[in-house]
Structure formats: C-alpha cells, structure tokens
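What follows is a set of notes on a single structure, which appears directly below.
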Protein chains: 2
Amino acid sequence: MQQKKLKLADLAKLAGVSTSTASRALNDNPLIKLETRERIQQLAKEHNFSLNAAASRLRLQKTKVIAVLINLDSETEQSIDDPFLLKVVSDINLAVNRQGYELLLSNSFMAGEDWHGYFIDGRRADGVIVVGQGKQQALIEAASKAGMPLVVWGDPKTKADYVIVGSDNFLGGKIAAEHLMSKGCKAPLFLGEPEHAELGERYNGFCTAIKSAGLTEQCQLLKIDITSQAAYEAINHKLRNDGLDFDGIFACSDMVALGAMKALKERYVSIPNDVHVVGFDDIAMADISFPSLTTVRQDTKQAGELLVSKLLAQLDGEQVASSQLEITLIERQSS
Amino acid sequence: MQQKKLKLADLAKLAGVSTSTASRALNDNPLIKLETRERIQQLAKEHNFSLNAAASRLRLQKTKVIAVLINLDSETEQSIDDPFLLKVVSDINLAVNRQGYELLLSNSFMAGEDWHGYFIDGRRADGVIVVGQGKQQALIEAASKAGMPLVVWGDPKTKADYVIVGSDNFLGGKIAAEHLMSKGCKAPLFLGEPEHAELGERYNGFCTAIKSAGLTEQCQLLKIDITSQAAYEAINHKLRNDGLDFDGIFACSDMVALGAMKALKERYVSIPNDVHVVGFDDIAMADISFPSLTTVRQDTKQAGELLVSKLLAQLDGEQVASSQLEITLIERQSS
DNA sequence: GAACTTTATGCAAACGTTTGCAATAGGGTG
DNA sequence: CACCCTATTGCAAACGTTTGCATAAAGTTC
C-alpha cells in the first residue's frame, strides 16, 4: 500500500527548507534561487508529490475549475443522446484542459436553482459554461445578474445581457434554403421546433430566403421534438396523410434529418431525386449515412476555444461580447 | 451586484448561535435541537447560503467528487466521437449525481502518469472511473496498486487485480455469430481490432461459435480501426480486391457497422439479402439507419449504476468484485 | 436538595496551502 | 568599518469548515 500522504511541509523538511520556500519553489517564484527551485521541483517529482487542491483552493479563493452545465430541455431525468451536444462538450473539455483548468460536468439537477450560490459561493468552480439555452433562461439571467462568470452556448442573436457564443443560425437557415432552391426545390419543408432560440433563427433564415425568392407565401413547417424518432414518425405520418407535398427538407439537426430520411427511404421516396435533404451540425453520421447528408456544419472546435477563452477573459475582469461562429455548407449526396 | 459572500460564521451570527451549532444544524446533526436546526436551515435558504466546498473538503479529507477518466486510445489529442462512449459517460454522470457526488471529467492529458497522486493525494476526487482500458493498462495497474479507489469500464474477463465492469463480450460475439448463421450465413466476417481487450473477447466468442458449428477452419477477420470511416474504406477495398467473398458481417461496434453498410449500399450489395450485418452497442443510430441495424445491446444505464455503486462500496472499505452485464440481441432489418 | 444524567450549545484546534512582512547574510560603497 | 542595498529565506496568519471536548442548563433520582 501507499505511504502516508506527503504534504508540503514534509517535502520542505526533506529539502531542508521552510514550507514557504517549498511553496514558492513549486510555483516557480523567482524570489527563490534558481538552484533551490530546481532542487525542490526535482524532489517533488521523485516523491510523486502533489499539492492538496482543497487547501490550495481554500487559500487562493480560486478553483481552477470550469463547470459545464448541460441544460436539458426535458423535465424528465434523461441522458443526453444527441451526438452533437456531446461533441460540443468534448471540444469544450479539450479547450478547458489546454488552459490548465479542470472540467466539472454538471447539470440543472445538481446545481439547483441558485447557480451562483452553488458554483461560485460554493467554490466549486470559477466560472460556468452553459450548453443550451433551454427553457431555463430565467435561471441563466439570475446567475448572470448575481455576477457569476458565465458564457452560454446558444444563439448569439438572442437579446440578453450575458455572453453568448453560437453559430450564425439565421445565415445557416438562409444558406440551406438557398441551396435547396438552387437544386430546384419549389416546396421545401422545415423540420424542427422554432420555439427554441437557435432553431427559431434557423427557421427565420429559412423563411426569409424562401420569401425573398418569391417561392411561397408561407414557408412550410413541421413542428417536432428534436429527435430522430420524432422526425421519423412525423414524416411517416405526413406522407400517409398528405402524400408527398414537399420536395425538400431542411432539418434542424442531423439526427432529425436522418430520422426523416429513414421514413422517406422506407416509402421509396428517392433522395435526392424526389426530395432534397439538408441537415444541421455535421455529426460523423452525416458523412456515413447513405446517401450521405448535405448539412450546415457548426465548428465545435472553434466553439470550445471561444467559450473557454471568453470565460477566462471574464475571470480576468475584461469586458467581453457575444460572438458568432461561421458556418459552412457541406454538400453531399442528399441534395 | 452581489453582497459579500456569506460564510458560516455570518450565518451563525444572524441566527444568534455559534458556528459549530450552525455547522451541525446544516448537516442535520441530531445533537442540535430540532427547532434550532430547522430555523437555521430556513435562514440558510433565505440567504442563499452555500458552504465553501474547498474548506469543507480540506477539513473532511473527502471531496464528494468522482473523476471519470476517458482513456483515449490514440496518442493524438482528439475529441471523442463514438456516440457510444459518450452515452456511457452520460449514464455515469446520472448515476454519480444520484448518489450526491459530482463528476470531474478528465483524461490522461490532465492526469499525467501518476493518477493516484493527481486525483487522490491532490484531493481532486475520492475515486476514479476509467472508461476504456485502452493501451495504458500499466497506468491503471499502477494506480490500483497505489491504493486508488478505482473501477474500470472494460472487459470483465480480463485478468487483473482491479475491479472491472463490462458486458459479456464473449457471449455477445457468440450470439452474433449464431444469429448470422441462423440466417443462413456461411462465411461471416469480423470487423474490428482484436488486440483491444473488449473487442478481442467479441472476436473469440464469434470464432468459437463458428468453429463449433463446423463452418470454417478459421474465422474471417478484417482488422481495422474502430471508426466508421475505417470500416467504410476497408469494406470498399475488400469488395474491389476480393469481390463479395462473405455473406455476413459482425462489426465490433455500431459505428463500424454503419460505415460498412455504407460501402455495401454504394456497391448495390443488398442488406440483408446478400450480406447480413450485426453491430454492437445499440446506439440511437442503429434504429434509425436504413435498413435498421441488428445489434448486440449493451446496457449503459445499468453500467453507470454498477460502476458508481462499486466505486462507492470501495470507498466504504468493502471488498468488491468485477461483474458482467447481460447483453441482448436486438433484431432489426439488417439481418 | 445533593448527586447524577441528559440535552443543547460553544470553544478552539486542525485540515494544508499561500503570502505579507520580517530577518538574515553577503556584497558593495564611501 | 559603518552604512545601505540586494538576494534569499523563514515566520506566522489566514482561508472556512468540522468536531472532540468542555460547559451549562435542565431534568431525574434517592
């Protein structure tokens, strides 16, 4: 088994110096003679010494932790299952680590209602990244008002007094619609839930493009939950009831698009000949589905970097603004 | 902005008691008169009071945190992208929360080589769940030897002196092979990398079943990385070079299966008529692909529960053993 | 009503860092 | 050689909890 945990004082004794010197040495403080510093660092390595983070945090009033709060839409306690969300989290994780911070994975279940109290006063994290604006905008608002360092992944166009990073959803919707029309679509259909901030913008962009092309008076909308299952069922249902009265689909996410495509394929509707399909996100499956899925790519890597750097800037007391990520249309076989 | 952070002493003063009483009251210690307890708890709520976790951890020598260490196979710094892995993490997260613990999301990049030192001595977490045995079995071994409370998601049949939770991979492979043969396959193919502990067991089960059915002397193996991309390319390549010399595929994961299916579909090989396909995991896409994918389901929810409860048992000083999760064949259209 | 138990609370130490300030030693200057 | 300056190190307080022990008040027993 292991020997008793070494504390800083023990390490100092081994080195024949005071704890203050040891502490400074480990933090590379130039007050300490270079030679001594190196000797102590060397010793620390040999003995597998590591600082007690709890003590350090208590003393410094800083945790070097960033919390990621996944804002689930549903009230039901359920695991996340859209690969895109998880890609975002994963890229945030990398960015956080690259800055020498650790990542506390949390959710509204743990944090309760008073986020500022829980994370900041509770010294669990120095700042919070909220993924998804969800329905709890009020809680975000409150935490922000209380002075909690905060960055939100969502739609940057949202009028809010906290910092938001997200894709240019409006443009994404516009590009998708224009692409569909350029392929000859006369009656494209939006698949998703426009109540949701980000999706609403995509829908707006979509409609704007369609109307300005003079295509239809109102753009078609099929309102569904953001799951492939819901999309599958909705398209199935629509084909059964209304027949094929659309020739293009702009799905609010790739998972939704894939669900819709399954329904189409089962009924022998040809993609892209009868119906052109465009998704959103560019998850791995978009490329691997058959036919592969044309989609609007969100740059999650850049998103992670930006979310984190903006949060750290806030911690440094800087004033930071929301910002919008560029999106790219990835043309594949489905259109 | 917010008022100065309330500490326990302040709350105590407000209530007209000592900090000790306040502390005990918040922890529902029966030493304190019920009436007093309730009064103080009420007061705490009103003032949005929350304990300083850093101080608490320092004093208690416990963090109430569980670290999840994602053991990436690749040396390259990359984000995880198999939805299955993330499903596992997500289910662990739920289980962890349900037990009142928090989840520190980590990886070998942050933890370095000395996991015990980093997490336990560093008071970052009370225990660690390692997801994926990866290539770093030596580090796991070392951490375990050093006395780090630890549970690993991997293949439970692995001979090791740490606790492993995982599916019955051997049986999974066996069932998959038997299923393929029951559908008339004479020349099934394994797609994956048998070096990897879990996948190796699946391959063993697969071969065992095939041999005991007297089908072939050696079972066919196409060794590839565990990505849909690799699968797509490998199958493409094989079809081009060898033609269609197999009539069934058992893929080591659903993502791999989906990649393979894409290659088949592109070359107009009919699924399941020409080739039957079985995957592993049962990710959401398995159901939504077309044709939908027959697969061996791993119960990630139960996995999360077990991993966490076994870890907590260790923290309580109990002796715990590895255990194997049951798997289920989900029959769909691809076979 | 004295001795003793029970109940409820407070005192003060301890957890392991970090850091302002004091202290010491060595070197240079006039 | 007295003075000052610099370079290096140590002392001790503080961060905010929790908890063993002491204490005080109230109730019980003979």
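Ligands are numbered from 1 in the order shown, residues from 1 within each chain, and chains are lettered A, B, ... in the order they appear in the structure tokens.
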If you take only C-alpha atoms (C1' of nucleotides) and a cut-off of 8 Å, which residues of chain B touch chain C, and what are their nearest atom pairs and distances in Å to one decimal, in chain and number order, as a tab-separated table?
residue	atom	partner	partner_atom	distance
B:Ser18	CA	C:DG10	C1'	6.3
B:Ser20	CA	C:DG10	C1'	7.3
B:Thr21	CA	C:DT9	C1'	6.8
B:Leu31	CA	C:DA8	C1'	7.1
B:Ile32	CA	C:DA8	C1'	6.4
B:Lys33	CA	C:DA8	C1'	6.7
B:Leu58	CA	C:DC15	C1'	5.2
B:Arg59	CA	C:DC15	C1'	4.5
B:Leu60	CA	C:DC15	C1'	7.4
B:Gln61	CA	C:DC15	C1'	7.6
Print the selection's residues with N, CA, C and O atoms to a file, as a short mmCIF file (atom, residue, chain, number, x, y, z; two decimals), in the first residue's frame.
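out17.cif, freshly written:
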data_model
loop_
_atom_site.label_atom_id
_atom_site.label_comp_id
_atom_site.auth_asym_id
_atom_site.auth_seq_id
_atom_site.Cartn_x
_atom_site.Cartn_y
_atom_site.Cartn_z
N SER B 18 -23.51 29.78 17.64
CA SER B 18 -22.10 29.66 17.29
C SER B 18 -21.96 28.97 15.94
O SER B 18 -22.90 28.35 15.45
N SER B 20 -20.29 26.36 15.32
CA SER B 20 -20.41 24.91 15.47
C SER B 20 -21.87 24.50 15.37
O SER B 20 -22.21 23.54 14.69
N THR B 21 -22.70 25.24 16.06
CA THR B 21 -24.12 24.91 16.01
C THR B 21 -24.65 25.04 14.59
O THR B 21 -25.38 24.17 14.09
N LEU B 31 -27.72 16.24 17.44
CA LEU B 31 -27.26 16.88 18.68
C LEU B 31 -27.97 18.22 18.86
O LEU B 31 -28.18 18.68 19.99
N ILE B 32 -28.29 18.83 17.74
CA ILE B 32 -28.94 20.13 17.80
C ILE B 32 -30.45 19.99 17.90
O ILE B 32 -31.04 19.15 17.23
N LYS B 33 -31.04 20.80 18.70
CA LYS B 33 -32.50 20.74 18.89
C LYS B 33 -33.19 20.92 17.54
O LYS B 33 -32.80 21.77 16.75
N LEU B 58 -11.20 20.33 2.61
CA LEU B 58 -9.93 20.36 3.34
C LEU B 58 -10.10 19.73 4.71
O LEU B 58 -9.33 18.88 5.13
N ARG B 59 -11.15 20.15 5.36
CA ARG B 59 -11.37 19.66 6.71
C ARG B 59 -11.74 18.17 6.72
O ARG B 59 -11.24 17.40 7.52
N LEU B 60 -12.58 17.78 5.83
CA LEU B 60 -13.10 16.41 5.86
C LEU B 60 -12.18 15.40 5.18
O LEU B 60 -12.35 14.21 5.36
N GLN B 61 -11.27 15.88 4.40
CA GLN B 61 -10.42 14.98 3.63
C GLN B 61 -11.24 14.12 2.68
O GLN B 61 -10.90 12.97 2.42
#
Counting only C-alpha atoms, chain B residues within 8 Å of chain A, as a VMD selection string
chain B and resid 1 to 2 5 48 to 55 57 to 58 79 to 81 83 86 to 87 90 to 91 93 to 94 97 102 to 106 109 to 110 114 117 to 118 121 to 124 145 to 147 228 to 229 258 to 259 262 265 to 266 284 288 to 290
Run DSSP on the backbone of this structure and report the residues of range 138-225 of chain B it assigns to alpha helix (DSSP H), as a short mmCIF file (atom, residue, chain, number, x, y, z; two decimals) with all heavy atoms, in the first residue's frame.
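Generated output (part17.cif):
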data_model
loop_
_atom_site.label_atom_id
_atom_site.label_comp_id
_atom_site.auth_asym_id
_atom_site.auth_seq_id
_atom_site.Cartn_x
_atom_site.Cartn_y
_atom_site.Cartn_z
N ALA B 138 -0.93 -0.32 -17.92
CA ALA B 138 0.12 -0.18 -16.91
C ALA B 138 -0.21 0.93 -15.92
O ALA B 138 -0.02 0.78 -14.72
CB ALA B 138 1.46 0.10 -17.58
N LEU B 139 -0.73 2.03 -16.44
CA LEU B 139 -1.07 3.13 -15.56
C LEU B 139 -2.22 2.77 -14.63
O LEU B 139 -2.23 3.13 -13.45
CB LEU B 139 -1.44 4.38 -16.38
CG LEU B 139 -0.30 5.02 -17.17
CD1 LEU B 139 -0.76 6.31 -17.81
CD2 LEU B 139 0.89 5.27 -16.25
N ILE B 140 -3.19 2.06 -15.19
CA ILE B 140 -4.31 1.61 -14.35
C ILE B 140 -3.78 0.73 -13.24
O ILE B 140 -4.09 0.91 -12.06
CB ILE B 140 -5.33 0.80 -15.19
CG1 ILE B 140 -5.83 1.64 -16.37
CG2 ILE B 140 -6.48 0.36 -14.32
CD1 ILE B 140 -6.92 0.97 -17.16
N GLU B 141 -2.98 -0.21 -13.64
CA GLU B 141 -2.37 -1.14 -12.69
C GLU B 141 -1.66 -0.37 -11.57
O GLU B 141 -1.86 -0.64 -10.38
CB GLU B 141 -1.35 -2.01 -13.45
CG GLU B 141 -0.88 -3.22 -12.72
CD GLU B 141 -1.88 -4.35 -12.85
OE1 GLU B 141 -2.57 -4.43 -13.90
OE2 GLU B 141 -1.99 -5.14 -11.90
N ALA B 142 -0.84 0.57 -11.97
CA ALA B 142 -0.05 1.32 -11.00
C ALA B 142 -0.95 2.07 -10.02
O ALA B 142 -0.75 2.03 -8.81
CB ALA B 142 0.85 2.31 -11.73
N ALA B 143 -1.95 2.72 -10.56
CA ALA B 143 -2.86 3.49 -9.71
C ALA B 143 -3.56 2.57 -8.73
O ALA B 143 -3.72 2.88 -7.54
CB ALA B 143 -3.88 4.24 -10.56
N SER B 144 -3.97 1.44 -9.23
CA SER B 144 -4.66 0.48 -8.39
C SER B 144 -3.74 -0.01 -7.27
O SER B 144 -4.12 -0.08 -6.10
CB SER B 144 -5.14 -0.69 -9.23
OG SER B 144 -5.55 -1.75 -8.43
N LYS B 145 -2.52 -0.32 -7.63
CA LYS B 145 -1.53 -0.77 -6.64
C LYS B 145 -1.30 0.28 -5.58
O LYS B 145 -1.09 -0.03 -4.41
CB LYS B 145 -0.19 -1.07 -7.35
CG LYS B 145 -0.13 -2.43 -8.00
CD LYS B 145 0.99 -3.27 -7.41
CE LYS B 145 0.84 -4.72 -7.86
NZ LYS B 145 0.78 -4.84 -9.34
N ASN B 169 -18.75 -9.79 -23.36
CA ASN B 169 -18.38 -9.63 -24.76
C ASN B 169 -18.26 -10.95 -25.50
O ASN B 169 -18.63 -11.05 -26.67
CB ASN B 169 -17.06 -8.85 -24.84
CG ASN B 169 -17.22 -7.41 -24.42
OD1 ASN B 169 -17.99 -6.67 -25.01
ND2 ASN B 169 -16.51 -7.00 -23.39
N PHE B 170 -17.75 -11.93 -24.79
CA PHE B 170 -17.61 -13.24 -25.41
C PHE B 170 -19.00 -13.75 -25.85
O PHE B 170 -19.21 -14.13 -27.00
CB PHE B 170 -16.97 -14.22 -24.43
CG PHE B 170 -16.73 -15.58 -24.99
CD1 PHE B 170 -15.54 -15.87 -25.65
CD2 PHE B 170 -17.69 -16.58 -24.89
CE1 PHE B 170 -15.31 -17.13 -26.19
CE2 PHE B 170 -17.47 -17.84 -25.43
CZ PHE B 170 -16.28 -18.12 -26.07
N LEU B 171 -19.92 -13.71 -24.92
CA LEU B 171 -21.27 -14.15 -25.24
C LEU B 171 -21.88 -13.32 -26.36
O LEU B 171 -22.56 -13.84 -27.25
CB LEU B 171 -22.15 -14.06 -23.98
CG LEU B 171 -23.58 -14.56 -24.13
CD1 LEU B 171 -23.60 -16.04 -24.51
CD2 LEU B 171 -24.39 -14.32 -22.87
N GLY B 172 -21.60 -12.01 -26.31
CA GLY B 172 -22.11 -11.13 -27.36
C GLY B 172 -21.63 -11.59 -28.72
O GLY B 172 -22.42 -11.67 -29.68
N GLY B 173 -20.34 -11.89 -28.82
CA GLY B 173 -19.79 -12.35 -30.09
C GLY B 173 -20.41 -13.67 -30.51
O GLY B 173 -20.73 -13.90 -31.69
N LYS B 174 -20.60 -14.52 -29.53
CA LYS B 174 -21.16 -15.84 -29.81
C LYS B 174 -22.59 -15.70 -30.34
O LYS B 174 -22.95 -16.29 -31.37
CB LYS B 174 -21.14 -16.66 -28.51
CG LYS B 174 -21.53 -18.11 -28.62
CD LYS B 174 -20.87 -18.93 -27.51
CE LYS B 174 -21.56 -20.28 -27.30
NZ LYS B 174 -22.85 -20.14 -26.60
N ILE B 175 -23.36 -14.91 -29.63
CA ILE B 175 -24.75 -14.72 -30.04
C ILE B 175 -24.83 -14.12 -31.45
O ILE B 175 -25.66 -14.53 -32.27
CB ILE B 175 -25.47 -13.79 -29.04
CG1 ILE B 175 -25.74 -14.55 -27.75
CG2 ILE B 175 -26.76 -13.26 -29.63
CD1 ILE B 175 -26.45 -13.72 -26.70
N ALA B 176 -23.97 -13.16 -31.70
CA ALA B 176 -23.97 -12.52 -33.02
C ALA B 176 -23.68 -13.55 -34.11
O ALA B 176 -24.38 -13.61 -35.13
CB ALA B 176 -22.94 -11.39 -33.06
N ALA B 177 -22.67 -14.37 -33.88
CA ALA B 177 -22.30 -15.39 -34.87
C ALA B 177 -23.45 -16.37 -35.08
O ALA B 177 -23.81 -16.71 -36.21
CB ALA B 177 -21.04 -16.12 -34.42
N GLU B 178 -24.01 -16.82 -33.97
CA GLU B 178 -25.11 -17.78 -34.08
C GLU B 178 -26.29 -17.18 -34.83
O GLU B 178 -26.94 -17.85 -35.63
CB GLU B 178 -25.54 -18.23 -32.68
CG GLU B 178 -24.58 -19.26 -32.09
CD GLU B 178 -24.75 -19.42 -30.59
OE1 GLU B 178 -25.60 -18.71 -30.00
OE2 GLU B 178 -24.02 -20.26 -30.00
N HIS B 179 -26.54 -15.92 -34.56
CA HIS B 179 -27.63 -15.25 -35.25
C HIS B 179 -27.37 -15.20 -36.76
O HIS B 179 -28.23 -15.54 -37.57
CB HIS B 179 -27.81 -13.85 -34.69
CG HIS B 179 -28.83 -13.03 -35.42
ND1 HIS B 179 -30.18 -13.26 -35.32
CD2 HIS B 179 -28.70 -12.00 -36.29
CE1 HIS B 179 -30.84 -12.42 -36.08
NE2 HIS B 179 -29.95 -11.62 -36.68
N LEU B 180 -26.16 -14.81 -37.10
CA LEU B 180 -25.81 -14.75 -38.52
C LEU B 180 -25.98 -16.11 -39.17
O LEU B 180 -26.56 -16.23 -40.26
CB LEU B 180 -24.36 -14.26 -38.67
CG LEU B 180 -24.13 -12.76 -38.45
CD1 LEU B 180 -22.65 -12.42 -38.46
CD2 LEU B 180 -24.87 -11.94 -39.50
N MET B 181 -25.50 -17.14 -38.50
CA MET B 181 -25.60 -18.48 -39.08
C MET B 181 -27.05 -18.95 -39.19
O MET B 181 -27.43 -19.60 -40.15
CB MET B 181 -24.76 -19.47 -38.26
CG MET B 181 -23.25 -19.16 -38.38
SD MET B 181 -22.17 -20.36 -37.57
CE MET B 181 -22.61 -20.18 -35.88
N SER B 182 -27.84 -18.56 -38.19
CA SER B 182 -29.25 -18.96 -38.24
C SER B 182 -29.95 -18.30 -39.42
O SER B 182 -30.99 -18.76 -39.89
CB SER B 182 -29.95 -18.58 -36.93
OG SER B 182 -30.33 -17.22 -36.97
N ALA B 197 -8.89 -5.33 -25.68
CA ALA B 197 -9.43 -6.34 -24.77
C ALA B 197 -10.90 -6.70 -25.05
O ALA B 197 -11.23 -7.87 -25.31
CB ALA B 197 -9.29 -5.86 -23.33
N GLU B 198 -11.76 -5.70 -25.03
CA GLU B 198 -13.18 -5.99 -25.19
C GLU B 198 -13.48 -6.60 -26.55
O GLU B 198 -14.22 -7.57 -26.68
CB GLU B 198 -14.00 -4.71 -25.03
CG GLU B 198 -13.82 -4.04 -23.70
CD GLU B 198 -14.55 -2.71 -23.64
OE1 GLU B 198 -15.79 -2.71 -23.82
OE2 GLU B 198 -13.89 -1.69 -23.45
N LEU B 199 -12.87 -6.02 -27.57
CA LEU B 199 -13.15 -6.48 -28.92
C LEU B 199 -12.58 -7.88 -29.14
O LEU B 199 -13.16 -8.70 -29.85
CB LEU B 199 -12.56 -5.50 -29.94
CG LEU B 199 -12.93 -4.03 -29.68
CD1 LEU B 199 -12.48 -3.17 -30.85
CD2 LEU B 199 -14.43 -3.88 -29.45
N GLY B 200 -11.46 -8.13 -28.50
CA GLY B 200 -10.86 -9.46 -28.61
C GLY B 200 -11.83 -10.53 -28.12
O GLY B 200 -11.99 -11.58 -28.76
N GLU B 201 -12.49 -10.25 -27.01
CA GLU B 201 -13.44 -11.22 -26.48
C GLU B 201 -14.61 -11.42 -27.44
O GLU B 201 -15.12 -12.53 -27.60
CB GLU B 201 -13.97 -10.74 -25.12
CG GLU B 201 -13.05 -11.06 -23.97
CD GLU B 201 -12.83 -12.55 -23.83
OE1 GLU B 201 -13.82 -13.29 -23.72
OE2 GLU B 201 -11.66 -12.99 -23.86
N ARG B 202 -15.03 -10.36 -28.05
CA ARG B 202 -16.13 -10.49 -29.01
C ARG B 202 -15.69 -11.37 -30.18
O ARG B 202 -16.45 -12.22 -30.65
CB ARG B 202 -16.54 -9.10 -29.54
CG ARG B 202 -17.24 -8.28 -28.48
CD ARG B 202 -17.54 -6.86 -28.91
NE ARG B 202 -17.65 -6.03 -27.71
CZ ARG B 202 -17.71 -4.71 -27.69
NH1 ARG B 202 -17.69 -4.03 -28.84
NH2 ARG B 202 -17.81 -4.04 -26.56
N TYR B 203 -14.48 -11.15 -30.56
CA TYR B 203 -13.93 -11.96 -31.65
C TYR B 203 -13.83 -13.42 -31.24
O TYR B 203 -14.20 -14.32 -31.99
CB TYR B 203 -12.57 -11.40 -32.04
CG TYR B 203 -11.90 -12.14 -33.18
CD1 TYR B 203 -12.50 -12.22 -34.43
CD2 TYR B 203 -10.66 -12.74 -33.00
CE1 TYR B 203 -11.89 -12.89 -35.47
CE2 TYR B 203 -10.03 -13.40 -34.04
CZ TYR B 203 -10.66 -13.48 -35.27
OH TYR B 203 -10.05 -14.15 -36.30
N ASN B 204 -13.36 -13.65 -30.03
CA ASN B 204 -13.28 -15.03 -29.53
C ASN B 204 -14.63 -15.72 -29.54
O ASN B 204 -14.77 -16.85 -29.99
CB ASN B 204 -12.72 -15.05 -28.10
CG ASN B 204 -11.25 -14.72 -28.07
OD1 ASN B 204 -10.59 -14.76 -29.11
ND2 ASN B 204 -10.75 -14.36 -26.91
N GLY B 205 -15.63 -15.04 -29.01
CA GLY B 205 -16.97 -15.61 -28.97
C GLY B 205 -17.45 -15.92 -30.38
O GLY B 205 -18.02 -16.98 -30.65
N PHE B 206 -17.19 -15.00 -31.25
CA PHE B 206 -17.57 -15.13 -32.65
C PHE B 206 -16.93 -16.39 -33.26
O PHE B 206 -17.62 -17.26 -33.81
CB PHE B 206 -17.08 -13.87 -33.37
CG PHE B 206 -17.32 -13.81 -34.84
CD1 PHE B 206 -18.58 -13.56 -35.36
CD2 PHE B 206 -16.26 -13.96 -35.73
CE1 PHE B 206 -18.79 -13.47 -36.73
CE2 PHE B 206 -16.46 -13.89 -37.10
CZ PHE B 206 -17.72 -13.64 -37.60
N CYS B 207 -15.64 -16.52 -33.08
CA CYS B 207 -14.91 -17.66 -33.65
C CYS B 207 -15.37 -18.98 -33.04
O CYS B 207 -15.57 -19.97 -33.74
CB CYS B 207 -13.41 -17.51 -33.41
SG CYS B 207 -12.69 -16.20 -34.40
N THR B 208 -15.52 -18.95 -31.72
CA THR B 208 -15.94 -20.17 -31.04
C THR B 208 -17.24 -20.70 -31.63
O THR B 208 -17.37 -21.90 -31.92
CB THR B 208 -16.13 -19.88 -29.54
OG1 THR B 208 -14.91 -19.36 -29.02
CG2 THR B 208 -16.49 -21.17 -28.80
N ALA B 209 -18.19 -19.83 -31.79
CA ALA B 209 -19.48 -20.25 -32.31
C ALA B 209 -19.35 -20.80 -33.73
O ALA B 209 -19.93 -21.83 -34.08
CB ALA B 209 -20.45 -19.07 -32.31
N ILE B 210 -18.57 -20.11 -34.53
CA ILE B 210 -18.41 -20.53 -35.92
C ILE B 210 -17.74 -21.88 -36.02
O ILE B 210 -18.18 -22.78 -36.76
CB ILE B 210 -17.59 -19.48 -36.69
CG1 ILE B 210 -18.44 -18.22 -36.89
CG2 ILE B 210 -17.15 -20.03 -38.04
CD1 ILE B 210 -17.71 -17.12 -37.59
N LYS B 211 -16.69 -22.04 -35.23
CA LYS B 211 -15.97 -23.31 -35.29
C LYS B 211 -16.82 -24.44 -34.76
O LYS B 211 -16.84 -25.53 -35.32
CB LYS B 211 -14.67 -23.20 -34.49
CG LYS B 211 -13.60 -22.44 -35.28
CD LYS B 211 -12.30 -22.33 -34.52
CE LYS B 211 -11.33 -21.44 -35.31
NZ LYS B 211 -10.36 -20.77 -34.44
N SER B 212 -17.53 -24.20 -33.68
CA SER B 212 -18.33 -25.29 -33.11
C SER B 212 -19.49 -25.63 -34.03
O SER B 212 -20.10 -26.69 -33.92
CB SER B 212 -18.81 -24.93 -31.71
OG SER B 212 -19.96 -24.14 -31.79
#
Filtered DSSP result for range 80-215 of chain B, state strand (DSSP E or B), as a PyMOL selection string
chain B and resi 102-107+127-131+150-153+163-167+188-192
Interface, chain D side, toward chain A (7 Å; only C-alpha atoms (C1' of nucleotides)) as a ChimeraX atom specification
/D:8-10,15
Fewer than 5 positions away in the same chain doesn't count, so skip those; otherwise give me all residues within 12 Å of range 321-326 of chain A, counting only C-alpha atoms (C1' of nucleotides), as an NGL selection string.
:A and (150-172 or 175 or 198 or 296-307 or 309-311 or 313-314)
Can you work out the spacing between CA of Gly112 in chain B and CA of Ile66 in chain A in Å, to one decimal?
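It comes out at 19.2 Å.
As for CA of Lys238 in chain A and CA of Pro272 in chain B, they are spaced 27.9 Å apart.
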Give me, please, the distance in Å between CA of Ala12 in chain B and CA of Leu34 in chain B, quoted to one decimal.
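So the two atoms, CA of Ala12 in chain B and CA of Leu34 in chain B, lie 16.0 Å apart.
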